[in-house]
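Novice: Shown below is the structure under consideration.
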Amino acid sequence: MTCREFAEFLDAYLSAELPPAVLTAFEHHLELCINCVRYLEHYRQSIELGRRAFDRSSAEVPADVPEDLIRAMLVAFRLEPALD
Amino acid sequence: MNSNDLVQAMDPAGASAVDEPALIAALRRGEEWAFEAMVRTHGGRLLAVARRICGNEEDARDALQSAYLSAFRAVQRFEGTCQLSTWLHRIVVNMALMRLRTRRRKPEAQMDTLLPAFQEDGHHVEQFSEWTMPADRLLEREDARATVRSCIAQLPESYRQVLLLRDIEELSTDEVAGMLRATPTAIKVRLHRARQALSTLLRREFAR
């Protein structure tokens, strides 16, 4: 397996979707190639960072909807025709 | 409606304290207090979702408002097979994606410059180094999280959307495929490319 093929299989590897023969070749490449070990680690860490980059950010997660927006939504609600 | 209904529906303890069947029944009767309770209970989190997808406050607010009105109109068809919050989340995501489709696309980074390059024999061109610190330590710093958000924002739009919907909004491949009108295979490929591109951008920030 080349580094190019290894990179293509990363996602399937992390999702445990590689067929056994490909998994064997993938893990063999991982034993031999430090550059791909690091590439895999970067890929893993990128997923983790992406997933959690929006955590605990007061700028991104408001505790409440701003009152002016709630008022605007209630005005729009009152204009809705009655439900059947 | 009376204010007691709203007070009972809204509890400082949070969404789990809301009597959801009673809320849905009141929504079906068109009662304003129930609509307001639905907004106050779930709206903050959903506004954050709309902000992430739309990338600007004005569109996010419009998407949230449109989503809530759409949910109200559709509440007779809400079957209760999932939680109200899950149902609202999907409606907000769809509405935010619709807002994006109406916007003129901004110039995008070239995807091939963000994907790994290989030599003729299949080896990486680039030699990778370790990062300055592991992800969990980086995530303790707000400036690092802001850098990651900025890198996500730099992804070409179709890749940014898939990464957001799969990795951050935690929707399934099939759900995302339906929302973006693509095949599940195409979504999987796009997610892999998006993660590779994000990895390239983050490497520029965090590698030694």
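In the structure tokens, the first chain shown is A, the next is B, and so on; residue numbers restart at 1 for each chain, and ligands run from 1 in the order shown.
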Could you list, as a PyMOL selection string, every residue within 8 Å of Phe9 of chain A, counting only C-alpha atoms and ignoring same-chain residues fewer than 4 positions away?
Specialist: chain A and resi 5+13+18+26
Novice: Dump as a list in words the residues of chain A that approach chain B to within 7 Å, counting only C-alpha atoms.
Specialist: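 Here they are: Thr2, Cys3, Arg4, Asp11, Asn35, Arg38, Tyr39, His42, Tyr43, Gln45, Ser46, Ile47, Glu48, Leu49, Gly50, Arg51, Ala53, Glu60, Val61, Pro62, Ala63, Asp64, Val65, Met73, Phe77, Ala82 and Leu83 of chain A.
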Novice: Please report, as a PyMOL selection string, each residue of chain A to which DSSP assigns alpha helix (DSSP H) when run on this structure's backbone.
Specialist: chain A and resi 3-14+20-32+34-52+67-78
Novice: Taking only C-alpha atoms into account, which of B:Asp174, B:Asp59, B:Asp143, B:Glu20 comes nearest Met95 of chain B?
Specialist: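 Checking each candidate against Met95 of chain B, we get B:Asp59 as the closest.
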Novice: Expressed in Å to a single decimal, how great is the separation between atom CA of Gly178 of chain B and atom CA of Glu58 of chain B?
Specialist: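 Spanning atom CA of Gly178 of chain B to atom CA of Glu58 of chain B is a straight-line distance of 25.7 Å.
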Novice: For atom CA of Ala12 of chain A and atom CA of Met133 of chain B, determine how far apart the two atoms are, in Å to one decimal place.
Specialist: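 Atom-to-atom, atom CA of Ala12 of chain A and atom CA of Met133 of chain B are spaced 25.9 Å apart.
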